[in-house]
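Peer 1: So I've got this file, query09.cif, and it contains mmCIF, C-alpha atoms:
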data_my_file
loop_
_atom_site.label_atom_id
_atom_site.label_comp_id
_atom_site.auth_asym_id
_atom_site.auth_seq_id
_atom_site.Cartn_x
_atom_site.Cartn_y
_atom_site.Cartn_z
CA MET A 12 -12.59 -6.44 -26.14
CA THR A 13 -14.80 -9.36 -27.08
CA VAL A 14 -13.99 -11.09 -23.82
CA THR A 15 -15.20 -8.04 -21.92
CA VAL A 16 -18.47 -7.98 -23.84
CA ILE A 17 -19.08 -11.68 -23.18
CA ALA A 18 -18.21 -11.23 -19.51
CA ASP A 19 -20.59 -8.27 -19.29
CA ALA A 20 -23.40 -10.34 -20.78
CA VAL A 21 -22.69 -13.19 -18.34
CA ILE A 22 -22.61 -10.78 -15.39
CA ALA A 23 -25.85 -9.07 -16.41
CA GLY A 24 -27.59 -12.42 -16.92
CA LEU A 25 -26.43 -13.71 -13.54
CA LEU A 26 -27.55 -10.52 -11.83
CA LEU A 27 -31.02 -10.69 -13.39
CA LEU A 28 -31.28 -14.39 -12.52
CA GLY A 29 -30.19 -13.72 -8.94
CA GLY A 30 -32.61 -10.85 -8.40
CA GLY A 31 -35.45 -12.82 -9.95
CA PHE A 32 -34.84 -15.91 -7.83
CA ALA A 33 -34.50 -13.89 -4.64
CA LEU A 34 -37.79 -12.16 -5.42
CA ILE A 35 -39.53 -15.47 -6.20
CA GLY A 36 -38.30 -17.01 -2.94
CA SER A 37 -39.49 -14.08 -0.85
CA TRP A 38 -42.78 -13.98 -2.71
CA GLY A 39 -43.29 -17.63 -1.81
CA LEU A 40 -42.45 -16.80 1.80
CA ALA A 41 -45.15 -14.14 1.83
CA LYS A 42 -47.79 -15.98 -0.18
CA LEU A 43 -47.79 -19.70 0.68
CA PRO A 44 -50.38 -20.89 3.23
CA SER A 45 -48.52 -22.87 5.92
CA LEU A 46 -45.02 -22.76 7.35
CA MET A 47 -44.02 -26.17 6.01
CA SER A 48 -44.67 -24.93 2.48
CA ARG A 49 -43.25 -21.48 3.26
CA LEU A 50 -39.93 -23.12 4.08
CA HIS A 51 -39.44 -24.08 0.43
CA GLY A 52 -39.11 -20.56 -0.95
CA PRO A 53 -36.31 -19.14 1.16
CA THR A 54 -34.31 -22.36 1.46
CA LYS A 55 -34.14 -23.08 -2.25
CA ALA A 56 -35.00 -20.09 -4.42
CA THR A 57 -33.45 -17.37 -2.27
CA THR A 58 -30.26 -19.35 -1.73
CA LEU A 59 -29.90 -19.87 -5.46
CA GLY A 60 -30.57 -16.17 -6.09
CA VAL A 61 -27.92 -15.03 -3.66
CA GLY A 62 -25.55 -17.61 -5.11
CA SER A 63 -26.12 -16.15 -8.58
CA CYS A 64 -25.35 -12.63 -7.34
CA LEU A 65 -22.15 -13.86 -5.71
CA VAL A 66 -21.04 -15.70 -8.86
CA ALA A 67 -21.73 -12.51 -10.84
CA SER A 68 -19.43 -10.74 -8.40
CA VAL A 69 -16.77 -13.42 -8.92
CA VAL A 70 -16.92 -12.80 -12.69
CA TYR A 71 -17.10 -9.01 -12.34
CA PHE A 72 -14.05 -8.21 -10.27
CA PRO A 73 -11.32 -9.82 -12.43
CA VAL A 74 -12.74 -8.10 -15.52
CA HIS A 75 -13.52 -4.63 -14.18
CA GLY A 76 -11.73 -4.34 -10.86
CA GLY A 77 -8.49 -6.01 -11.86
CA VAL A 78 -8.34 -8.23 -8.78
CA TRP A 79 -9.14 -11.87 -8.16
CA THR A 80 -11.27 -12.46 -5.12
CA ALA A 81 -12.36 -15.69 -3.49
CA HIS A 82 -14.46 -14.20 -0.71
CA GLU A 83 -17.68 -14.61 -2.66
CA LEU A 84 -17.07 -18.31 -3.19
CA LEU A 85 -16.55 -18.62 0.56
CA ILE A 86 -19.83 -16.82 1.24
CA THR A 87 -21.62 -18.98 -1.34
CA LEU A 88 -20.25 -22.17 0.19
CA PHE A 89 -21.24 -21.02 3.67
CA LEU A 90 -24.78 -20.12 2.59
CA PHE A 91 -25.27 -23.39 0.72
CA ILE A 92 -24.13 -25.34 3.78
CA THR A 93 -26.16 -23.42 6.35
CA ALA A 94 -29.47 -23.04 4.47
CA PRO A 95 -30.65 -26.66 4.97
CA ILE A 96 -29.47 -26.67 8.59
CA SER A 97 -31.44 -23.57 9.48
CA ALA A 98 -34.48 -24.89 7.58
CA ASN A 99 -34.30 -28.12 9.59
CA LEU A 100 -34.04 -26.17 12.85
CA ILE A 101 -37.00 -23.95 11.95
CA ALA A 102 -39.12 -26.97 11.05
CA LYS A 103 -38.20 -28.59 14.38
CA ALA A 104 -39.12 -25.44 16.29
CA TYR A 105 -42.43 -25.29 14.41
CA LEU A 106 -43.29 -28.91 15.22
CA HIS A 107 -42.33 -28.31 18.83
CA GLY A 108 -44.71 -25.34 18.90
CA CYS A 109 -47.47 -27.57 17.49
CA HIS A 110 -47.06 -29.85 20.49
CA THR A 111 -46.71 -27.34 23.26
CA ALA A 112 -49.68 -25.22 22.10
CA PRO A 113 -52.40 -27.81 21.40
CA GLY A 114 -55.11 -25.13 21.47
CA GLU A 115 -53.65 -23.63 18.33
CA GLN A 116 -53.24 -27.02 16.71
CA SER A 117 -55.80 -26.42 13.98
CA MET A 118 -54.15 -23.17 12.94
CA MET A 119 -50.54 -24.26 13.28
CA ALA A 120 -50.75 -27.82 12.02
CA GLU A 121 -52.35 -26.81 8.77
CA GLY A 122 -51.06 -28.84 5.89
CA MET A 123 -49.35 -31.48 8.01
CA PRO A 124 -49.89 -35.21 7.47
CA ASP A 125 -51.45 -37.31 10.22
CA ALA A 126 -49.39 -38.73 13.06
CA ALA A 127 -48.13 -42.28 12.94
CA GLU A 128 -50.26 -44.99 14.52
CA ASN A 129 -47.74 -46.49 16.93
CA GLY A 130 -47.26 -43.25 18.82
CA ALA A 131 -44.00 -42.40 17.13
CA ASP A 132 -43.78 -38.73 16.40
CA TRP A 133 -42.14 -36.20 14.18
CA ALA A 134 -38.56 -35.05 14.48
CA THR A 135 -38.38 -33.60 17.96
CA PHE A 136 -39.92 -36.27 20.19
CA GLY A 137 -39.61 -40.00 20.65
CA TYR A 138 -42.24 -42.57 21.56
CA ASP A 139 -44.92 -41.74 24.07
CA ASP A 140 -44.13 -44.89 26.03
CA ALA A 141 -40.65 -44.25 27.33
CA GLU A 142 -40.03 -47.86 28.40
CA GLU A 143 -40.27 -49.17 24.89
CA ASP A 144 -37.88 -46.59 23.51
CA PRO A 145 -34.29 -47.82 23.75
CA LEU A 146 -32.91 -44.33 23.18
CA SER A 147 -34.82 -42.55 25.94
CA VAL A 148 -33.01 -41.21 28.96
CA PRO A 149 -34.62 -41.99 32.35
CA THR A 150 -34.41 -38.39 33.57
CA GLY A 151 -36.78 -37.30 30.82
CA ALA A 152 -34.21 -35.30 28.90
CA GLY A 153 -36.14 -35.83 25.71
CA GLY A 154 -39.43 -34.98 27.36
CA LYS A 155 -41.89 -32.24 26.77
CA ASP A 156 -40.79 -29.82 29.47
CA PRO A 157 -39.15 -26.93 27.61
CA SER A 158 -37.19 -25.87 30.69
CA ALA A 159 -35.51 -29.28 31.08
CA MET B 9 -25.63 -3.25 -19.56
CA ILE B 10 -24.30 -4.15 -16.14
CA ALA B 11 -25.59 -0.88 -14.66
CA ALA B 12 -29.14 -1.55 -15.86
CA ALA B 13 -29.01 -5.16 -14.62
CA LEU B 14 -27.71 -3.93 -11.26
CA ILE B 15 -30.60 -1.49 -10.91
CA ILE B 16 -33.13 -4.20 -11.77
CA ALA B 17 -31.56 -6.72 -9.40
CA MET B 18 -31.44 -4.15 -6.60
CA GLY B 19 -35.11 -3.37 -7.15
CA CYS B 20 -35.99 -7.07 -7.03
CA ILE B 21 -34.07 -7.60 -3.82
CA ALA B 22 -35.54 -4.49 -2.21
CA LEU B 23 -39.02 -5.78 -3.06
CA ALA B 24 -38.06 -9.19 -1.66
CA MET B 25 -36.95 -7.56 1.58
CA LEU B 26 -40.30 -5.76 1.80
CA LEU B 27 -42.08 -9.11 1.40
CA ASN B 28 -39.87 -10.54 4.15
CA LEU B 29 -40.81 -7.64 6.40
CA PHE B 30 -44.47 -8.35 5.69
CA ARG B 31 -44.02 -11.96 6.80
CA LEU B 32 -41.95 -10.82 9.78
CA PHE B 33 -44.76 -8.61 11.12
CA ARG B 34 -47.63 -10.81 9.98
CA GLY B 35 -46.34 -14.32 10.68
CA PRO B 36 -48.72 -16.27 12.90
CA THR B 37 -46.13 -18.47 14.61
CA PRO B 38 -42.68 -17.62 16.00
CA ALA B 39 -41.13 -20.02 13.49
CA ASP B 40 -42.52 -17.83 10.70
CA ARG B 41 -40.80 -14.80 12.15
CA ILE B 42 -37.51 -16.67 12.49
CA LEU B 43 -37.75 -17.78 8.87
CA ALA B 44 -38.52 -14.22 7.76
CA LEU B 45 -35.52 -12.87 9.68
CA ASP B 46 -33.24 -15.52 8.18
CA THR B 47 -34.41 -14.67 4.66
CA LEU B 48 -34.03 -10.97 5.40
CA VAL B 49 -30.39 -11.52 6.36
CA ILE B 50 -29.73 -13.54 3.20
CA ASN B 51 -31.32 -10.86 1.03
CA SER B 52 -29.30 -8.15 2.73
CA ILE B 53 -26.14 -10.14 1.93
CA ALA B 54 -27.14 -10.07 -1.73
CA PHE B 55 -27.83 -6.34 -1.51
CA ILE B 56 -24.44 -5.66 0.06
CA ILE B 57 -22.75 -7.62 -2.73
CA LEU B 58 -24.67 -5.63 -5.35
CA ILE B 59 -23.56 -2.36 -3.76
CA GLY B 60 -19.99 -3.67 -3.85
CA ILE B 61 -20.31 -4.44 -7.56
CA GLN B 62 -21.77 -1.01 -8.25
CA GLN B 63 -18.90 0.79 -6.53
CA THR B 64 -16.26 -1.71 -7.76
CA THR B 65 -14.83 -2.17 -4.31
CA THR B 66 -14.05 -5.36 -2.43
CA THR B 67 -14.45 -3.75 0.98
CA TYR B 68 -17.96 -5.07 1.48
CA PHE B 69 -17.11 -8.77 1.24
CA GLU B 70 -16.01 -9.01 4.84
CA ALA B 71 -19.28 -7.41 5.91
CA ALA B 72 -21.23 -9.91 3.81
CA LEU B 73 -19.27 -12.86 5.21
CA LEU B 74 -19.76 -11.68 8.78
CA LEU B 75 -23.46 -11.13 8.15
CA ALA B 76 -23.81 -14.66 6.76
CA MET B 77 -22.17 -16.16 9.84
CA VAL B 78 -24.03 -14.00 12.37
CA GLY B 79 -27.33 -14.61 10.60
CA PHE B 80 -26.91 -18.37 10.75
CA VAL B 81 -25.85 -18.31 14.39
CA GLY B 82 -28.81 -16.08 15.23
CA THR B 83 -31.26 -18.40 13.47
CA ALA B 84 -29.81 -21.43 15.23
CA ALA B 85 -29.98 -19.63 18.59
CA TYR B 86 -33.62 -18.57 18.11
CA CYS B 87 -34.64 -22.11 17.12
CA LYS B 88 -32.70 -23.58 20.01
CA PHE B 89 -34.46 -21.20 22.37
CA LEU B 90 -37.86 -22.22 21.03
CA LEU B 91 -36.96 -25.90 21.21
CA ARG B 92 -35.35 -26.09 24.61
CA GLY B 93 -36.19 -22.88 26.45
CA ASP B 94 -32.51 -22.09 26.67
CA VAL B 95 -29.76 -21.28 24.19
CA VAL B 96 -26.68 -22.72 25.90
CA GLU B 97 -27.43 -25.71 28.07
#
Represent the structure contained in this file as structure tokens.
Peer 2:
Amino acid sequence: MTVTVIADAVIAGLLLLGGGFALIGSWGLAKLPSLMSRLHGPTKATTLGVGSCLVASVVYFPVHGGVWTAHELLITLFLFITAPISANLIAKAYLHGCHTAPGEQSMMAEGMPDAAENGADWATFGYDDAEEDPLSVPTGAGGKDPSA
Amino acid sequence: MIAAALIIAMGCIALAMLLNLFRLFRGPTPADRILALDTLVINSIAFIILIGIQQTTTTYFEAALLLAMVGFVGTAAYCKFLLRGDVVE
């Protein structure tokens, strides 16, 4: 009996924590000023919130459903692995958009630090001078043509 | 106790999904919309899990797992399309 009460308290706490963190992450997504800062909310707070809900589910089903399930741990592991990867991809796509739409630079590049002095660039592109870059491919595979 | 916490958590996640929809329609750049869609998928996974807890059934876990995988693949495909102009090169 006491074990059930403790488990109920743990489940309720985890559920409240999960809902709160998911709400905080999405609030940050809606409120923060630029995309680079907007990335923080969903990748950290929302992932933790969903993880809390899934852990609550892991605790709930042996106590009240009578079955042990490992699916939630699988989902949690998958989300925790994929959240940074998708954040990295979104940041790359954003930086790529900053380059290919220079007219919107002032609106899109808000909150970004200045470029490096030697022509090296962020994430998606190499040096401007292709001959000095040992990693560049002569056919321009790393170039700025999006249809390449 | 669990029922009340479930209601509160469901309300929080529904509000979070509304905020994601706001960013999805508002977002100035395509990357904002991709981020909003990704967060919307993650929040819907949490909502599905909460419904599963409320009904005490394990049927919904497969749906949540599939949604997690499809959401990640969709985000990666959208970003790849923005980066390279093509999804599969």
Peer 1: Using 12 Å as the limit and counting all atoms listed in the file, can you tabulate each residue of segment 24-62 of chain A that touches segment 33-42 of chain B, with its shortest atom-to-atom distance in Å and the two atoms involved, as a Markdown table?
Peer 2:
| residue | atom | partner | partner_atom | distance |
| --- | --- | --- | --- | --- |
| A:Leu40 | CA | B:Asp40 | CA | 9.0 |
| A:Ala41 | CA | B:Gly35 | CA | 8.9 |
| A:Lys42 | CA | B:Gly35 | CA | 11.1 |
| A:Leu43 | CA | B:Gly35 | CA | 11.4 |
| A:Pro44 | CA | B:Gly35 | CA | 10.7 |
| A:Ser45 | CA | B:Asp40 | CA | 9.2 |
| A:Leu46 | CA | B:Asp40 | CA | 6.5 |
| A:Met47 | CA | B:Asp40 | CA | 9.7 |
| A:Ser48 | CA | B:Asp40 | CA | 11.1 |
| A:Arg49 | CA | B:Asp40 | CA | 8.3 |
| A:Leu50 | CA | B:Asp40 | CA | 8.9 |
| A:Pro53 | CA | B:Asp40 | CA | 11.5 |
Peer 1: The PyMOL selection byres ((chain B and resi 45) around 10) on the file shown: which residues, as a list in words?
Peer 2: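 Given this file, the PyMOL selection byres ((chain B and resi 45) around 10) evaluates to Met25, Asn28, Leu29, Arg31, Leu32, Ala39, Asp40, Arg41, Ile42, Leu43, Ala44, Asp46, Thr47, Leu48, Val49, Ile50, Asn51, Gly79, Gly82 and Thr83 of chain B.
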Peer 1: Emit the selected residues as a PDB file, in the frame of the given file, including C-alpha atoms.
Peer 2:
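Once written, result-v6.pdb looks like this:
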ATOM      1  CA  MET B  25     -36.950  -7.560   1.580  1.00  0.00           C
ATOM      2  CA  ASN B  28     -39.870 -10.540   4.150  1.00  0.00           C
ATOM      3  CA  LEU B  29     -40.810  -7.640   6.400  1.00  0.00           C
ATOM      4  CA  ARG B  31     -44.020 -11.960   6.800  1.00  0.00           C
ATOM      5  CA  LEU B  32     -41.950 -10.820   9.780  1.00  0.00           C
ATOM      6  CA  ALA B  39     -41.130 -20.020  13.490  1.00  0.00           C
ATOM      7  CA  ASP B  40     -42.520 -17.830  10.700  1.00  0.00           C
ATOM      8  CA  ARG B  41     -40.800 -14.800  12.150  1.00  0.00           C
ATOM      9  CA  ILE B  42     -37.510 -16.670  12.490  1.00  0.00           C
ATOM     10  CA  LEU B  43     -37.750 -17.780   8.870  1.00  0.00           C
ATOM     11  CA  ALA B  44     -38.520 -14.220   7.760  1.00  0.00           C
ATOM     12  CA  ASP B  46     -33.240 -15.520   8.180  1.00  0.00           C
ATOM     13  CA  THR B  47     -34.410 -14.670   4.660  1.00  0.00           C
ATOM     14  CA  LEU B  48     -34.030 -10.970   5.400  1.00  0.00           C
ATOM     15  CA  VAL B  49     -30.390 -11.520   6.360  1.00  0.00           C
ATOM     16  CA  ILE B  50     -29.730 -13.540   3.200  1.00  0.00           C
ATOM     17  CA  ASN B  51     -31.320 -10.860   1.030  1.00  0.00           C
ATOM     18  CA  GLY B  79     -27.330 -14.610  10.600  1.00  0.00           C
ATOM     19  CA  GLY B  82     -28.810 -16.080  15.230  1.00  0.00           C
ATOM     20  CA  THR B  83     -31.260 -18.400  13.470  1.00  0.00           C
TER      21      THR B  83
END
Peer 1: Using all atoms listed in the file for the distances, tell me which of A:Val21, A:Leu106, A:Val16, A:Ile101 is nearest to chain B.
Peer 2: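 Ranking A:Val21, A:Leu106, A:Val16, A:Ile101 by distance to chain B, first place goes to A:Ile101.
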Peer 1: Where does the PyMOL selection byres ((chain B and resi 13) around 10) land in this file, that is, which residues does it pick, as a PyMOL selection string?
Peer 2: (chain A and resi 20+22-28+30) or (chain B and resi 9-12+14-19)
Peer 1: For chain B, which of A:Ala67, A:Leu84, A:Ala56, A:Leu34 is the closest residue, counting only C-alpha atoms?
Peer 2: A:Leu34
Peer 1: So which one's closest to chain B, A:Leu100, A:Ile17, A:Gly77, A:Phe32? Using all atoms listed in the file, please.
Peer 2: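 Looking at the shortest contact to chain B, the residue is A:Leu100.
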Peer 1: Of the candidates B:Ile56, B:Ala85, B:Ala24, B:Val96, which shows the shortest atom-to-atom distance to chain A, using all atoms listed in the file?
Peer 2: B:Ala24
Peer 1: Given the file shown, determine the residues that the PyMOL selection byres ((chain A) within 8 of (chain B)) selects; report them as a ChimeraX atom specification.
Peer 2: /A:19-20,22-24,26-27,29-31,33-38,40-41,46,50,53,57-58,61,64-65,68,71-72,75-76,82-83,85-86,89-90,93,97-98,100-105,107-108,119,157-159
Peer 1: What is the atom CA of His51 of chain A-atom CA of Thr87 of chain A distance in Å, reported with one decimal?
Peer 2: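 Result for atom CA of His51 of chain A versus atom CA of Thr87 of chain A: 18.6 Å, one decimal.
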Peer 1: Taking into account all atoms listed in the file, which residue in the set A:Pro73, A:Gly52, A:Gly39, A:Gly60 is nearest to Val14 of chain A?
Peer 2: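 Counting all atoms listed in the file, the residue closest to Val14 of chain A is A:Pro73.
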Peer 1: What does the distance between atom CA of Thr80 of chain A and atom CA of Ile96 of chain A come to in Å, to one decimal place?
Peer 2: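 Spanning atom CA of Thr80 of chain A to atom CA of Ile96 of chain A is a straight-line distance of 26.9 Å.
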